[in-house]
Amino acid sequence: MSLVVIGTVAFDAIETPFGKTDKIVGGSASYAGLSASYFYDKVKIVAVVGDDFHQSEIDDFNAHGINTEGLQVKKGEKSFFWAGKYHNDMNSRDTLVTDLNVLADFDPIIPDSYQDCEYLMLGNLTPQVQQTVIRRLAKRPKLIVMDTMNFWMNIALDDLLDTLKMVDVLTINDEEARQLSGEYSLVKAAAKILTMGPKYLVIKKGEHGALLFDKDSVFATPALPLAEVFDPTGAGDTFAGGFIGYLAKVGSINFNNMKNALIYGSALASFCVEKFGPERIKNLTQEEIAERVQQFVKLSKFEL
Ligand code: AMP
């Protein structure tokens with residue numbers, strides 16, 4: 001049994017009020033894969049990079065026990081590149097550059113050894129490619145979680161709506177939930193999105209936490225109040241990786257386990273923002289994670 005993560009493995013250039021990076025490793029599959037690897041030891045990545053991507057970065061994934069057999073390296077081509085600049089509030093950002101490069105004609109290869117996929121994380125990526133991966137798995141996974149963003153709503157909405165019909169959980173941020181549903185109220189937005197395919201919806205609200213909906217219930221988690229947020233890039237993907245990684249670890253899908261998954265995802269995301277890029281989530285210990293989760297428990301526990 002395994003957890004397959006598809007998404008981008010990329011170079012990012014990030015600007016925040018605290019500093020600026022040159023090209024560093026990023027991408028939705030990088031963050032989600034690393035994050036999931038703290039919960040589950042059979043994480044497998046499907047993605048594409050150019051030959052500008054360093055082998056040492058692939059070695060880093062492998063050192064986390066991540067199988068990279070499905071990571072294609074395209075000779076003579078360039079990796080996906082994204083550049084973004086955060087506003088002073090660190091919650092909103094402008095995308096400065098999205099160079100699809102190898103992603104433009106990405107044809108995902110699913111190695112035979114990935115056909116044991118029980119949990120599928122469709123990280124932020126072309127909706128058409130997300131769908132192709134589902135179709136190329138001989139057996140439908142037990143749980144399919146999909147992440148996406150406004151970029152794909154703007155340029156590939158029909159494909160996105162088709163893919164949505166095939167998944168169990170959608171994770172998006174509040175702005176994207178409003179765009180997708182045409183509703184300002186997040187409660188109304190959730191009700192509408194839950195008619196589009198997914199049985200569960202997670203709405204990420206940055207420093208204001210996250211909401212989990214199914215058709216009958218709603219659950220909220222805060223984000224951890226942090227003295228310093230250095231770089232929010234990848235927090236959403238890190239959340240998603242922690243969320244599905246935790247569910248893969250416990251092995252049973254219900255609203256109660258999803259509530260805990262929301263906390264574990266949020267805990268991992270809180271580490272991610274402490275340093276530029278995926279640096280912080282490359283070097284976590286189980287003790288640090290357990291301690292952080294306890295902080296979440298303490299933060300919102302009260303008695304009447
Ligand atoms: P997040 O901050 O969770 O939205 O994730 C940021 C990461 O997503 C960065 O590392 C980017 O490389 C990657 N990314 C940015 N735009 C896209 C896109 N259109 N499709 C897939 N991945 C993207």
# chains A, B, ... in the order shown; residues from 1 in each chain; ligands from 1
$ residues_near_ligand --ligand "ligand 1" --cutoff "9 Å" --atoms "only C-alpha atoms and all ligand atoms" --output "PyMOL selection string"
chain A and resi 7-13+24-32+80-84+95+97-100+103+123-126+148-152+173+231-240+277-278
$ select_by_dssp --residues "stretch 53-260 of chain A" --states "strand (DSSP E)" --output "VMD selection string"
chain A and resid 67 to 74 80 to 86 93 to 99 117 to 122 143 to 147 169 to 173 200 to 204 210 to 213 218 to 221
$ residues_around --residues "A:Lys74" --least-positions-apart "3" --cutoff "7 Å" --atoms "only C-alpha atoms" --output "PyMOL selection string"
chain A and resi 49-51+77
$ closest_residue --among "A:Asp168, A:Glu279, A:Glu118, A:Glu288" --to "A:Val202" --atoms "only C-alpha atoms"
A:Asp168
$ residues_around --residues "stretch 247-257 of chain A" --least-positions-apart "5" --cutoff "7 Å" --atoms "only C-alpha atoms" --output "PDB file with N, CA and C atoms, in the first residue's frame"
ATOM      1  N   PHE A  39       4.576  10.991   8.429  1.00  0.00           N
ATOM      2  CA  PHE A  39       3.494  10.169   8.972  1.00  0.00           C
ATOM      3  C   PHE A  39       3.450   8.777   8.373  1.00  0.00           C
ATOM      4  N   TYR A  40       3.963   8.661   7.137  1.00  0.00           N
ATOM      5  CA  TYR A  40       3.742   7.430   6.384  1.00  0.00           C
ATOM      6  C   TYR A  40       5.037   7.097   5.654  1.00  0.00           C
ATOM      7  N   TYR A 119      -3.776   5.844  -1.187  1.00  0.00           N
ATOM      8  CA  TYR A 119      -4.057   7.254  -0.880  1.00  0.00           C
ATOM      9  C   TYR A 119      -3.413   8.088  -1.981  1.00  0.00           C
TER      10      TYR A 119
END
$ atom_distance --atom1 "atom CA of A:Phe213" --atom2 "atom CA of A:Arg178"
14.8 Å
$ decode --residues "stretch 18-37 of chain A" --atoms "N, CA and C atoms" --output "mmCIF file, in the first residue's frame"
data_model
loop_
_atom_site.group_PDB
_atom_site.id
_atom_site.type_symbol
_atom_site.label_atom_id
_atom_site.label_comp_id
_atom_site.auth_asym_id
_atom_site.auth_seq_id
_atom_site.Cartn_x
_atom_site.Cartn_y
_atom_site.Cartn_z
ATOM 1 N N PHE A 18 10.821 40.115 4.689
ATOM 2 C CA PHE A 18 12.031 39.755 5.444
ATOM 3 C C PHE A 18 13.222 39.402 4.576
ATOM 4 N N GLY A 19 13.017 39.303 3.284
ATOM 5 C CA GLY A 19 14.150 38.939 2.436
ATOM 6 C C GLY A 19 13.713 38.378 1.106
ATOM 7 N N LYS A 20 14.702 37.916 0.378
ATOM 8 C CA LYS A 20 14.492 37.526 -1.007
ATOM 9 C C LYS A 20 15.357 36.301 -1.286
ATOM 10 N N THR A 21 14.858 35.348 -2.059
ATOM 11 C CA THR A 21 15.714 34.210 -2.418
ATOM 12 C C THR A 21 15.963 34.205 -3.911
ATOM 13 N N ASP A 22 17.080 33.622 -4.318
ATOM 14 C CA ASP A 22 17.265 33.262 -5.714
ATOM 15 C C ASP A 22 16.454 32.000 -5.925
ATOM 16 N N LYS A 23 16.709 31.282 -6.994
ATOM 17 C CA LYS A 23 15.950 30.054 -7.236
ATOM 18 C C LYS A 23 16.218 29.035 -6.129
ATOM 19 N N ILE A 24 15.171 28.644 -5.426
ATOM 20 C CA ILE A 24 15.313 27.563 -4.463
ATOM 21 C C ILE A 24 14.293 26.482 -4.799
ATOM 22 N N VAL A 25 14.478 25.308 -4.232
ATOM 23 C CA VAL A 25 13.559 24.214 -4.544
ATOM 24 C C VAL A 25 12.187 24.492 -3.950
ATOM 25 N N GLY A 26 11.172 24.222 -4.724
ATOM 26 C CA GLY A 26 9.796 24.379 -4.254
ATOM 27 C C GLY A 26 8.912 23.417 -5.010
ATOM 28 N N GLY A 27 7.659 23.792 -5.136
ATOM 29 C CA GLY A 27 6.724 22.943 -5.872
ATOM 30 C C GLY A 27 5.788 22.207 -4.921
ATOM 31 N N SER A 28 4.554 22.019 -5.400
ATOM 32 C CA SER A 28 3.546 21.430 -4.527
ATOM 33 C C SER A 28 3.897 20.010 -4.095
ATOM 34 N N ALA A 29 4.479 19.210 -4.998
ATOM 35 C CA ALA A 29 4.797 17.821 -4.632
ATOM 36 C C ALA A 29 5.970 17.760 -3.660
ATOM 37 N N SER A 30 6.874 18.730 -3.762
ATOM 38 C CA SER A 30 8.025 18.738 -2.843
ATOM 39 C C SER A 30 7.534 18.948 -1.414
ATOM 40 N N TYR A 31 6.718 19.996 -1.237
ATOM 41 C CA TYR A 31 6.213 20.292 0.101
ATOM 42 C C TYR A 31 5.305 19.174 0.616
ATOM 43 N N ALA A 32 4.350 18.753 -0.230
ATOM 44 C CA ALA A 32 3.373 17.754 0.229
ATOM 45 C C ALA A 32 4.057 16.413 0.506
ATOM 46 N N GLY A 33 5.006 16.036 -0.343
ATOM 47 C CA GLY A 33 5.702 14.756 -0.178
ATOM 48 C C GLY A 33 6.519 14.740 1.107
ATOM 49 N N LEU A 34 7.288 15.803 1.323
ATOM 50 C CA LEU A 34 8.111 15.873 2.540
ATOM 51 C C LEU A 34 7.224 15.821 3.776
ATOM 52 N N SER A 35 6.153 16.601 3.743
ATOM 53 C CA SER A 35 5.261 16.671 4.896
ATOM 54 C C SER A 35 4.632 15.294 5.193
ATOM 55 N N ALA A 36 4.142 14.639 4.149
ATOM 56 C CA ALA A 36 3.493 13.330 4.336
ATOM 57 C C ALA A 36 4.480 12.298 4.870
ATOM 58 N N SER A 37 5.769 12.472 4.514
ATOM 59 C CA SER A 37 6.765 11.449 4.884
ATOM 60 C C SER A 37 6.975 11.355 6.396
#
